[in-house]
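Data from query-v9.csv: CSV, C-alpha atoms
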```csv
chain,number,residue,atom,x,y,z
A,1012,MET,CA,-64.1,38.0,28.2
A,1013,THR,CA,-67.7,36.8,28.6
A,1014,SER,CA,-68.5,33.1,28.5
A,1015,ALA,CA,-70.1,31.4,25.5
A,1016,PRO,CA,-71.9,28.0,25.2
A,1017,THR,CA,-69.7,25.0,24.5
A,1018,ALA,CA,-71.6,24.3,21.3
A,1019,MET,CA,-71.3,26.5,18.2
A,1020,THR,CA,-73.8,29.4,18.6
A,1021,VAL,CA,-76.2,30.7,15.9
A,1022,SER,CA,-73.9,33.8,15.5
A,1023,ASP,CA,-71.0,31.4,14.5
A,1024,THR,CA,-72.8,30.3,11.4
A,1025,GLU,CA,-75.5,32.8,10.4
A,1026,VAL,CA,-74.9,35.5,7.8
A,1027,LEU,CA,-74.0,38.7,9.6
A,1028,ARG,CA,-73.6,42.2,8.3
A,1029,ASP,CA,-72.3,45.5,9.7
A,1030,ALA,CA,-71.4,48.9,8.2
A,1031,LEU,CA,-68.4,47.4,6.5
A,1032,GLY,CA,-70.4,44.7,4.8
A,1033,LEU,CA,-70.8,40.9,5.3
A,1034,LEU,CA,-68.8,39.3,8.0
A,1035,LYS,CA,-66.7,36.4,7.0
A,1036,ASP,CA,-67.3,33.0,8.5
A,1037,ARG,CA,-65.4,32.7,11.8
A,1038,GLU,CA,-64.0,29.3,11.0
A,1039,GLN,CA,-62.8,30.2,7.5
A,1040,VAL,CA,-61.0,33.3,8.9
A,1041,ALA,CA,-59.2,31.1,11.5
A,1042,GLU,CA,-58.2,28.5,8.9
A,1043,ARG,CA,-56.6,31.2,6.8
A,1044,LEU,CA,-54.8,32.6,9.7
A,1045,LEU,CA,-53.6,29.1,10.8
A,1046,ASP,CA,-52.2,28.6,7.2
A,1047,SER,CA,-50.4,31.9,7.3
A,1048,SER,CA,-49.0,31.1,10.8
A,1049,ALA,CA,-47.6,27.8,9.5
A,1050,GLN,CA,-45.8,29.7,6.6
A,1051,HIS,CA,-44.7,32.9,8.3
A,1052,SER,CA,-43.8,32.3,12.0
A,1053,PHE,CA,-40.4,33.0,13.6
A,1054,ASP,CA,-38.4,31.8,16.5
A,1055,PRO,CA,-36.7,35.0,17.6
A,1056,ASP,CA,-34.0,33.1,19.6
A,1057,THR,CA,-32.7,31.6,16.3
A,1058,ALA,CA,-34.0,34.1,13.7
A,1059,LEU,CA,-32.0,37.0,15.2
A,1060,ASP,CA,-28.3,37.4,15.8
A,1061,TRP,CA,-28.3,38.4,19.5
A,1062,ASP,CA,-24.5,38.2,19.8
A,1063,ALA,CA,-23.7,40.6,17.0
A,1064,PRO,CA,-22.2,43.8,18.3
A,1065,LEU,CA,-24.4,46.9,18.4
A,1066,GLU,CA,-23.7,49.4,15.7
A,1067,GLU,CA,-22.0,52.7,16.7
A,1068,GLY,CA,-24.0,55.8,15.8
A,1069,LYS,CA,-27.3,53.9,15.0
A,1070,TRP,CA,-30.6,54.6,16.7
A,1071,PHE,CA,-32.7,52.2,18.8
A,1072,TRP,CA,-35.8,54.0,17.5
A,1073,PRO,CA,-36.4,56.4,14.6
A,1074,PRO,CA,-35.8,59.9,15.9
A,1075,GLU,CA,-39.1,61.2,14.5
A,1076,LEU,CA,-40.9,58.8,16.7
A,1077,VAL,CA,-39.0,59.8,19.9
A,1078,SER,CA,-41.4,61.7,22.2
A,1079,LEU,CA,-39.4,64.9,22.5
A,1080,TYR,CA,-38.5,65.1,18.8
A,1081,ASP,CA,-38.6,68.7,17.4
A,1082,THR,CA,-39.3,70.2,20.8
A,1083,PRO,CA,-37.1,73.1,22.2
A,1084,LEU,CA,-35.6,70.6,24.6
A,1085,TRP,CA,-34.7,68.2,21.8
A,1086,LYS,CA,-33.0,70.9,19.9
A,1087,ARG,CA,-30.8,71.7,22.9
A,1088,MET,CA,-29.8,68.0,23.3
A,1089,SER,CA,-26.5,66.7,21.8
A,1090,PRO,CA,-26.9,64.0,19.1
A,1091,GLU,CA,-25.5,61.5,21.7
A,1092,ARG,CA,-28.1,62.4,24.2
A,1093,GLN,CA,-30.9,62.2,21.6
A,1094,GLN,CA,-29.8,58.7,20.7
A,1095,ASP,CA,-29.6,57.7,24.4
A,1096,LEU,CA,-33.1,58.9,24.9
A,1097,ALA,CA,-34.2,56.8,21.9
A,1098,ARG,CA,-32.5,53.8,23.5
A,1099,HIS,CA,-34.4,54.3,26.7
A,1100,GLU,CA,-37.7,55.0,24.9
A,1101,ALA,CA,-37.3,51.7,23.0
A,1102,ALA,CA,-36.8,49.9,26.3
A,1103,SER,CA,-39.9,51.7,27.7
A,1104,LEU,CA,-42.0,50.6,24.7
A,1105,ALA,CA,-40.7,47.1,24.9
A,1106,SER,CA,-41.7,47.0,28.6
A,1107,LEU,CA,-45.1,48.3,27.7
A,1108,GLY,CA,-45.4,45.7,25.0
A,1109,ILE,CA,-44.6,42.9,27.5
A,1110,TRP,CA,-47.2,44.2,30.0
A,1111,PHE,CA,-49.8,44.5,27.3
A,1112,GLU,CA,-49.1,41.1,25.8
A,1113,ILE,CA,-49.4,39.3,29.2
A,1114,ILE,CA,-52.9,41.0,29.5
A,1115,LEU,CA,-53.8,39.9,26.0
A,1116,MET,CA,-52.8,36.3,26.6
A,1117,GLN,CA,-55.1,36.2,29.6
A,1118,LEU,CA,-58.0,37.7,27.7
A,1119,LEU,CA,-57.6,35.2,24.9
A,1120,VAL,CA,-57.6,32.3,27.3
A,1121,ARG,CA,-60.8,33.7,28.8
A,1122,HIS,CA,-62.3,34.0,25.4
A,1123,ILE,CA,-61.8,30.4,24.4
A,1124,TYR,CA,-62.5,28.8,27.8
A,1125,ASP,CA,-66.1,27.8,26.9
A,1126,LYS,CA,-65.6,27.4,23.1
A,1127,PRO,CA,-65.3,24.1,21.2
A,1128,VAL,CA,-61.6,23.1,21.7
A,1129,THR,CA,-61.3,21.5,18.2
A,1130,SER,CA,-62.6,24.6,16.3
A,1131,ALA,CA,-60.2,26.5,14.1
A,1132,HIS,CA,-61.2,29.6,16.0
A,1133,VAL,CA,-59.8,28.2,19.3
A,1134,ARG,CA,-56.7,26.6,17.6
A,1135,TYR,CA,-55.8,30.0,16.1
A,1136,ALA,CA,-56.3,31.7,19.5
A,1137,LEU,CA,-53.8,29.2,21.0
A,1138,THR,CA,-51.5,29.9,18.1
A,1139,GLU,CA,-51.6,33.6,18.8
A,1140,ILE,CA,-51.0,33.0,22.5
A,1141,ALA,CA,-47.8,31.1,21.5
A,1142,ASP,CA,-46.8,34.0,19.3
A,1143,GLU,CA,-47.3,36.5,22.2
A,1144,CYS,CA,-45.2,34.3,24.5
A,1145,ARG,CA,-42.3,34.5,22.0
A,1146,HIS,CA,-42.8,38.2,21.5
A,1147,SER,CA,-42.7,38.9,25.2
A,1148,LYS,CA,-39.4,36.9,25.6
A,1149,MET,CA,-38.1,38.7,22.5
A,1150,PHE,CA,-38.8,42.2,23.9
A,1151,ALA,CA,-37.3,41.3,27.3
A,1152,ARG,CA,-34.1,40.1,25.5
A,1153,LEU,CA,-34.0,43.3,23.5
A,1154,ILE,CA,-34.2,45.4,26.7
A,1155,GLN,CA,-31.3,43.5,28.1
A,1156,ARG,CA,-29.3,43.7,24.9
A,1157,GLY,CA,-29.8,47.5,24.7
A,1158,GLY,CA,-28.5,48.0,28.3
A,1159,ALA,CA,-31.4,50.2,29.4
A,1160,PRO,CA,-33.6,49.3,32.4
A,1161,THR,CA,-37.1,48.0,32.2
A,1162,TYR,CA,-39.9,50.5,32.6
A,1163,PRO,CA,-43.0,49.1,34.2
A,1164,VAL,CA,-46.2,51.0,34.1
A,1165,SER,CA,-47.4,52.8,37.2
A,1166,ARG,CA,-48.8,50.9,40.1
A,1167,LEU,CA,-52.2,52.5,39.3
A,1168,ASN,CA,-52.3,51.4,35.7
A,1169,HIS,CA,-50.9,47.9,36.7
A,1170,ASN,CA,-53.9,47.5,39.0
A,1171,LEU,CA,-56.4,49.0,36.6
A,1172,ALA,CA,-55.3,46.3,34.1
A,1173,ARG,CA,-55.9,43.7,36.8
A,1174,ILE,CA,-59.5,44.9,37.0
A,1175,LEU,CA,-59.8,45.0,33.2
A,1176,LYS,CA,-58.7,41.4,32.9
A,1177,THR,CA,-61.4,40.3,35.3
A,1178,VAL,CA,-64.4,42.3,34.1
A,1179,SER,CA,-63.8,43.1,30.5
A,1180,THR,CA,-66.6,42.2,28.0
A,1181,THR,CA,-65.7,40.1,24.9
A,1182,PRO,CA,-66.0,43.1,22.5
A,1183,GLY,CA,-64.2,45.3,25.1
A,1184,SER,CA,-61.3,42.9,25.2
A,1185,PHE,CA,-60.9,42.8,21.4
A,1186,ALA,CA,-61.2,46.6,21.2
A,1187,CYS,CA,-58.4,47.0,23.8
A,1188,THR,CA,-56.3,44.4,21.9
A,1189,LEU,CA,-56.5,46.5,18.8
A,1190,LEU,CA,-55.6,49.7,20.7
A,1191,GLY,CA,-52.4,48.1,22.0
A,1192,GLU,CA,-51.5,46.5,18.7
A,1193,GLU,CA,-52.3,48.9,15.9
A,1194,ILE,CA,-50.4,52.1,17.1
A,1195,LEU,CA,-47.2,50.2,17.8
A,1196,ASP,CA,-47.6,48.3,14.6
A,1197,TRP,CA,-47.7,51.6,12.7
A,1198,MET,CA,-44.5,52.7,14.4
A,1199,GLN,CA,-42.8,49.4,13.8
A,1200,ARG,CA,-43.7,49.5,10.1
A,1201,LEU,CA,-41.7,52.7,9.9
A,1202,THR,CA,-38.8,51.2,12.0
A,1203,PHE,CA,-37.9,47.9,10.4
A,1204,PRO,CA,-37.0,49.3,6.9
A,1205,ASP,CA,-35.1,52.3,8.5
A,1206,GLU,CA,-31.4,51.8,7.9
A,1207,ARG,CA,-30.6,54.5,10.6
A,1208,VAL,CA,-31.8,52.0,13.2
A,1209,GLN,CA,-29.9,49.2,14.9
A,1210,THR,CA,-30.1,45.9,12.9
A,1211,LEU,CA,-31.3,44.0,15.9
A,1212,VAL,CA,-34.1,46.5,16.5
A,1213,ARG,CA,-35.1,46.3,12.9
A,1214,GLY,CA,-35.2,42.5,13.1
A,1215,VAL,CA,-37.3,42.5,16.2
A,1216,THR,CA,-39.8,44.9,14.7
A,1217,ARG,CA,-40.0,43.0,11.4
A,1218,ILE,CA,-40.9,39.8,13.2
A,1219,HIS,CA,-43.5,41.6,15.3
A,1220,VAL,CA,-45.1,43.3,12.3
A,1221,VAL,CA,-45.4,40.1,10.3
A,1222,GLU,CA,-47.0,38.1,13.1
A,1223,GLU,CA,-49.1,40.9,14.5
A,1224,ALA,CA,-50.8,41.4,11.2
A,1225,ARG,CA,-52.6,38.1,11.8
A,1226,HIS,CA,-53.5,39.1,15.4
A,1227,VAL,CA,-55.0,42.3,14.1
A,1228,ARG,CA,-57.1,40.5,11.5
A,1229,TYR,CA,-58.4,38.0,14.2
A,1230,ALA,CA,-59.3,40.8,16.6
A,1231,ARG,CA,-60.9,43.0,14.0
A,1232,GLU,CA,-63.1,40.2,12.6
A,1233,GLU,CA,-64.2,39.1,16.1
A,1234,LEU,CA,-64.9,42.7,17.3
A,1235,ARG,CA,-67.1,43.3,14.2
A,1236,ARG,CA,-69.0,40.1,15.1
A,1237,GLN,CA,-69.4,41.1,18.7
A,1238,MET,CA,-70.6,44.6,17.9
A,1239,VAL,CA,-73.4,43.1,15.8
A,1240,THR,CA,-74.4,40.2,18.2
A,1241,ALA,CA,-73.7,41.5,21.7
A,1242,PRO,CA,-76.5,43.0,23.8
A,1243,ARG,CA,-76.9,46.7,23.9
A,1244,TRP,CA,-75.6,47.1,27.5
A,1245,GLU,CA,-72.4,45.2,26.5
A,1246,ARG,CA,-71.9,47.4,23.4
A,1247,GLU,CA,-72.3,50.6,25.5
A,1248,LEU,CA,-69.9,49.3,28.2
A,1249,THR,CA,-67.4,48.4,25.4
A,1250,ARG,CA,-67.5,52.0,24.1
A,1251,ILE,CA,-66.7,53.4,27.6
A,1252,SER,CA,-64.1,50.8,28.5
A,1253,CYS,CA,-62.3,51.2,25.2
A,1254,GLY,CA,-62.3,55.0,25.6
A,1255,GLU,CA,-60.9,54.7,29.1
A,1256,ALA,CA,-58.2,52.3,27.8
A,1257,ALA,CA,-57.2,54.8,25.2
A,1258,ARG,CA,-56.8,57.5,27.8
A,1259,VAL,CA,-54.6,55.2,30.0
A,1260,PHE,CA,-52.6,53.9,27.0
A,1261,SER,CA,-51.8,57.4,25.8
A,1262,VAL,CA,-50.5,58.3,29.3
A,1263,ALA,CA,-48.5,55.1,29.7
A,1264,PHE,CA,-47.0,55.1,26.2
A,1265,VAL,CA,-43.6,56.4,27.4
A,1266,ASN,CA,-42.6,56.1,31.0
A,1267,PRO,CA,-41.5,59.6,32.2
A,1268,GLU,CA,-38.5,58.0,34.0
A,1269,VAL,CA,-36.8,57.8,30.7
A,1270,TYR,CA,-36.2,61.6,30.8
A,1271,ARG,CA,-34.7,61.5,34.3
A,1272,ASN,CA,-32.4,58.5,33.3
A,1273,VAL,CA,-30.9,60.5,30.4
A,1274,GLY,CA,-30.3,63.6,32.7
A,1275,LEU,CA,-33.3,65.7,31.7
A,1276,ASP,CA,-35.7,67.5,34.0
A,1277,LYS,CA,-38.7,65.1,34.0
A,1278,ARG,CA,-41.3,67.8,34.6
A,1279,GLU,CA,-40.0,70.0,31.8
A,1280,ALA,CA,-39.8,67.1,29.4
A,1281,VAL,CA,-43.3,65.9,30.1
A,1282,ALA,CA,-44.7,69.4,29.6
A,1283,GLN,CA,-42.9,69.8,26.3
A,1284,VAL,CA,-44.2,66.4,25.0
A,1285,LYS,CA,-47.7,67.4,26.0
A,1286,ALA,CA,-47.3,70.7,24.1
A,1287,SER,CA,-45.7,69.2,21.0
A,1288,GLY,CA,-47.7,69.4,17.8
A,1289,HIS,CA,-45.4,66.9,16.2
A,1290,ARG,CA,-45.9,64.4,18.9
A,1291,ARG,CA,-49.7,64.9,18.8
A,1292,GLU,CA,-49.6,64.3,15.0
A,1293,VAL,CA,-47.5,61.2,15.4
A,1294,MET,CA,-49.9,59.6,17.9
A,1295,GLN,CA,-53.0,60.6,16.0
A,1296,THR,CA,-51.6,59.4,12.7
A,1297,GLY,CA,-50.6,56.1,14.4
A,1298,ALA,CA,-54.1,55.6,15.7
A,1299,ARG,CA,-56.0,56.8,12.6
A,1300,ARG,CA,-56.4,53.5,10.9
A,1301,LEU,CA,-57.8,52.1,14.2
A,1302,THR,CA,-60.1,55.0,15.0
A,1303,ASP,CA,-61.5,55.0,11.5
A,1304,PHE,CA,-62.3,51.3,11.9
A,1305,LEU,CA,-63.8,51.7,15.4
A,1306,ASP,CA,-65.9,54.6,14.1
A,1307,GLU,CA,-67.3,52.6,11.2
A,1308,ILE,CA,-68.4,49.7,13.4
A,1309,GLY,CA,-70.0,51.9,16.1
A,1310,VAL,CA,-67.5,51.9,18.9
A,1311,LEU,CA,-66.7,55.6,18.9
A,1312,ARG,CA,-70.0,57.0,20.2
A,1313,GLY,CA,-71.1,59.0,23.1
A,1314,MET,CA,-68.9,59.0,26.2
A,1315,GLY,CA,-66.5,56.6,24.5
A,1316,ARG,CA,-65.8,59.1,21.8
A,1317,ARG,CA,-65.3,61.9,24.3
A,1318,LEU,CA,-62.8,59.7,26.2
A,1319,TRP,CA,-60.9,59.0,23.0
A,1320,ARG,CA,-60.7,62.7,22.3
A,1321,SER,CA,-59.4,63.4,25.8
A,1322,SER,CA,-56.7,60.8,25.2
A,1323,GLY,CA,-55.2,62.9,22.4
A,1324,LEU,CA,-55.4,59.9,20.0
A,1325,LEU,CA,-58.5,61.1,18.2
A,1326,ALA,CA,-58.4,64.5,16.5
```

Please lay out the structure from this file as structure tokens.
Amino acid sequence: MTSAPTAMTVSDTEVLRDALGLLKDREQVAERLLDSSAQHSFDPDTALDWDAPLEEGKWFWPPELVSLYDTPLWKRMSPERQQDLARHEAASLASLGIWFEIILMQLLVRHIYDKPVTSAHVRYALTEIADECRHSKMFARLIQRGGAPTYPVSRLNHNLARILKTVSTTPGSFACTLLGEEILDWMQRLTFPDERVQTLVRGVTRIHVVEEARHVRYAREELRRQMVTAPRWERELTRISCGEAARVFSVAFVNPEVYRNVGLDKREAVAQVKASGHRREVMQTGARRLTDFLDEIGVLRGMGRRLWRSSGLLA
């Protein structure tokens, strides 16, 4: 993220407005989030029963959210293989989550590097970094407990992210943060109350949903502020980088190796996922709250909007 002066800037204190209305004071938002963190934070190592046996016949991910659901290939699979695919996809999503959260932690550190260290805004960023550390460890432990392998992103996407972490603008960083958080959040909100799903998975997703709600609020408020105050070139670059991130994210969402690891033909499986109307609806529905927000604050314009459409996340 771009640097800011060490003193509070005019944009920290002046009254700002965008298409959604008046922006809230940055320090007041952070103070509320700090209060919420003090009341509703979890230590996954002690809050979850990691030693409890896995439950026979239960899913690691709701079947409707599995990538192949309702495809011809899915209908030919036995229930046992369907559940095995869900287990591997849960591991793939957890692996993606760890990759993304490591990126996010670095972006947050860059964001606060030049800001007043005693401000509530910085203290909340540090609180969020601590949350993300716990989440990453929690996801890694879930992968191990489920018995599936880790699924790293491709070398290309791994190195593209290395570039993103180095050159991202401040609004671009917060836009990408929301991209990674809000779609998974929508899926997890369907997962943690679902009694068909393993109790451990439901516990992991519940913790993540509760704590990510604060992260989303922080990122949304800061992105709104940045889209009002950033120079025009930075806003334009943000639109393009956010659109490209959406394209990469949609491709990386499920590692195709999951299909090979459950005995399916990878090429056929990938083709059926791409052709699946159900899958397209799931991904667009999961992204809709975010895309509506980005559209309202002026992120989905021009080339950025075209990239979002090509990602399949925007109807």

Hey, what's within 7 Å of region 1096-1108 of chain A if we count all atoms listed in the file and toss same-chain stuff fewer than 2 positions away? As a PyMOL selection string, please? chain A and resi 1070-1072+1074+1077+1092-1094+1110-1112+1150+1154+1157+1159-1163+1264-1266+1269+1273

Would you mind telling me which residue in A:Pro1073, A:Lys1148, A:Arg1225, A:Gln1199 lies nearest to Asp1056 (chain A) when using all atoms listed in the file?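 Once distances to Asp1056 (chain A) are computed over all atoms listed in the file, the minimum belongs to A:Lys1148.
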
Looking at A:Ala1151, A:Val1128, A:Val1227, A:Ala1326, which one is nearest to Ile1109 (chain A), with distances taken over all atoms listed in the file?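 Under the stated criterion, the closest residue is A:Ala1151.
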
Surrounding residues of Ile1251 (chain A) excluding itself and chain neighbours under 2 positions, 12 Å, all atoms listed in the file, as a ChimeraX atom specification: /A:1179-1180,1182-1183,1186-1187,1244-1249,1253-1258,1310-1319

Select, from A:Asp1081, A:Val1212, A:Leu1301, A:Ala1282, the residue with the minimum atom-to-atom distance to Thr1188 (chain A), counting only C-alpha atoms. A:Leu1301

Reconstruct N, CA and C atoms of region 1148-1172 of chain A from the incomplete input and present them as a PDB file, in the coordinates of the input.
```
ATOM      1  N   LYS A1148     -40.817  37.322  25.307  1.00  0.00           N
ATOM      2  CA  LYS A1148     -39.400  36.900  25.600  1.00  0.00           C
ATOM      3  C   LYS A1148     -38.473  37.730  24.671  1.00  0.00           C
ATOM      4  N   MET A1149     -38.882  37.973  23.436  1.00  0.00           N
ATOM      5  CA  MET A1149     -38.100  38.700  22.500  1.00  0.00           C
ATOM      6  C   MET A1149     -37.871  40.168  22.980  1.00  0.00           C
ATOM      7  N   PHE A1150     -38.945  40.804  23.433  1.00  0.00           N
ATOM      8  CA  PHE A1150     -38.800  42.200  23.900  1.00  0.00           C
ATOM      9  C   PHE A1150     -37.965  42.243  25.174  1.00  0.00           C
ATOM     10  N   ALA A1151     -38.110  41.267  26.056  1.00  0.00           N
ATOM     11  CA  ALA A1151     -37.300  41.300  27.300  1.00  0.00           C
ATOM     12  C   ALA A1151     -35.806  41.128  26.907  1.00  0.00           C
ATOM     13  N   ARG A1152     -35.522  40.293  25.928  1.00  0.00           N
ATOM     14  CA  ARG A1152     -34.100  40.100  25.500  1.00  0.00           C
ATOM     15  C   ARG A1152     -33.584  41.365  24.862  1.00  0.00           C
ATOM     16  N   LEU A1153     -34.436  42.072  24.110  1.00  0.00           N
ATOM     17  CA  LEU A1153     -34.000  43.300  23.500  1.00  0.00           C
ATOM     18  C   LEU A1153     -33.671  44.371  24.529  1.00  0.00           C
ATOM     19  N   ILE A1154     -34.503  44.468  25.569  1.00  0.00           N
ATOM     20  CA  ILE A1154     -34.200  45.400  26.700  1.00  0.00           C
ATOM     21  C   ILE A1154     -32.843  45.134  27.253  1.00  0.00           C
ATOM     22  N   GLN A1155     -32.585  43.873  27.552  1.00  0.00           N
ATOM     23  CA  GLN A1155     -31.300  43.500  28.100  1.00  0.00           C
ATOM     24  C   GLN A1155     -30.145  43.802  27.197  1.00  0.00           C
ATOM     25  N   ARG A1156     -30.344  43.505  25.913  1.00  0.00           N
ATOM     26  CA  ARG A1156     -29.300  43.700  24.900  1.00  0.00           C
ATOM     27  C   ARG A1156     -28.946  45.193  24.771  1.00  0.00           C
ATOM     28  N   GLY A1157     -29.969  46.047  24.889  1.00  0.00           N
ATOM     29  CA  GLY A1157     -29.800  47.500  24.700  1.00  0.00           C
ATOM     30  C   GLY A1157     -29.141  48.147  25.939  1.00  0.00           C
ATOM     31  N   GLY A1158     -29.177  47.482  27.085  1.00  0.00           N
ATOM     32  CA  GLY A1158     -28.500  48.000  28.300  1.00  0.00           C
ATOM     33  C   GLY A1158     -29.331  49.044  29.049  1.00  0.00           C
ATOM     34  N   ALA A1159     -30.582  49.283  28.648  1.00  0.00           N
ATOM     35  CA  ALA A1159     -31.400  50.200  29.400  1.00  0.00           C
ATOM     36  C   ALA A1159     -32.252  49.401  30.417  1.00  0.00           C
ATOM     37  N   PRO A1160     -32.777  50.054  31.437  1.00  0.00           N
ATOM     38  CA  PRO A1160     -33.600  49.300  32.400  1.00  0.00           C
ATOM     39  C   PRO A1160     -34.976  49.002  31.859  1.00  0.00           C
ATOM     40  N   THR A1161     -35.688  48.143  32.559  1.00  0.00           N
ATOM     41  CA  THR A1161     -37.100  48.000  32.200  1.00  0.00           C
ATOM     42  C   THR A1161     -37.885  49.148  32.780  1.00  0.00           C
ATOM     43  N   TYR A1162     -39.028  49.405  32.179  1.00  0.00           N
ATOM     44  CA  TYR A1162     -39.900  50.500  32.600  1.00  0.00           C
ATOM     45  C   TYR A1162     -41.291  50.048  32.793  1.00  0.00           C
ATOM     46  N   PRO A1163     -41.596  49.531  33.981  1.00  0.00           N
ATOM     47  CA  PRO A1163     -43.000  49.100  34.200  1.00  0.00           C
ATOM     48  C   PRO A1163     -43.942  50.244  34.248  1.00  0.00           C
ATOM     49  N   VAL A1164     -45.203  49.941  33.959  1.00  0.00           N
ATOM     50  CA  VAL A1164     -46.200  51.000  34.100  1.00  0.00           C
ATOM     51  C   VAL A1164     -46.438  51.319  35.522  1.00  0.00           C
ATOM     52  N   SER A1165     -47.141  52.397  35.767  1.00  0.00           N
ATOM     53  CA  SER A1165     -47.400  52.800  37.200  1.00  0.00           C
ATOM     54  C   SER A1165     -48.178  51.771  37.904  1.00  0.00           C
ATOM     55  N   ARG A1166     -48.066  51.808  39.230  1.00  0.00           N
ATOM     56  CA  ARG A1166     -48.800  50.900  40.100  1.00  0.00           C
ATOM     57  C   ARG A1166     -50.335  51.018  39.802  1.00  0.00           C
ATOM     58  N   LEU A1167     -50.792  52.258  39.609  1.00  0.00           N
ATOM     59  CA  LEU A1167     -52.200  52.500  39.300  1.00  0.00           C
ATOM     60  C   LEU A1167     -52.642  51.773  38.060  1.00  0.00           C
ATOM     61  N   ASN A1168     -51.896  51.986  36.975  1.00  0.00           N
ATOM     62  CA  ASN A1168     -52.300  51.400  35.700  1.00  0.00           C
ATOM     63  C   ASN A1168     -52.107  49.837  35.764  1.00  0.00           C
ATOM     64  N   HIS A1169     -51.107  49.378  36.503  1.00  0.00           N
ATOM     65  CA  HIS A1169     -50.900  47.900  36.700  1.00  0.00           C
ATOM     66  C   HIS A1169     -52.168  47.318  37.321  1.00  0.00           C
ATOM     67  N   ASN A1170     -52.705  47.993  38.343  1.00  0.00           N
ATOM     68  CA  ASN A1170     -53.900  47.500  39.000  1.00  0.00           C
ATOM     69  C   ASN A1170     -55.174  47.697  38.280  1.00  0.00           C
ATOM     70  N   LEU A1171     -55.256  48.791  37.516  1.00  0.00           N
ATOM     71  CA  LEU A1171     -56.400  49.000  36.600  1.00  0.00           C
ATOM     72  C   LEU A1171     -56.508  47.871  35.620  1.00  0.00           C
ATOM     73  N   ALA A1172     -55.356  47.451  35.102  1.00  0.00           N
ATOM     74  CA  ALA A1172     -55.300  46.300  34.100  1.00  0.00           C
ATOM     75  C   ALA A1172     -55.785  45.052  34.797  1.00  0.00           C
TER      76      ALA A1172
END
```
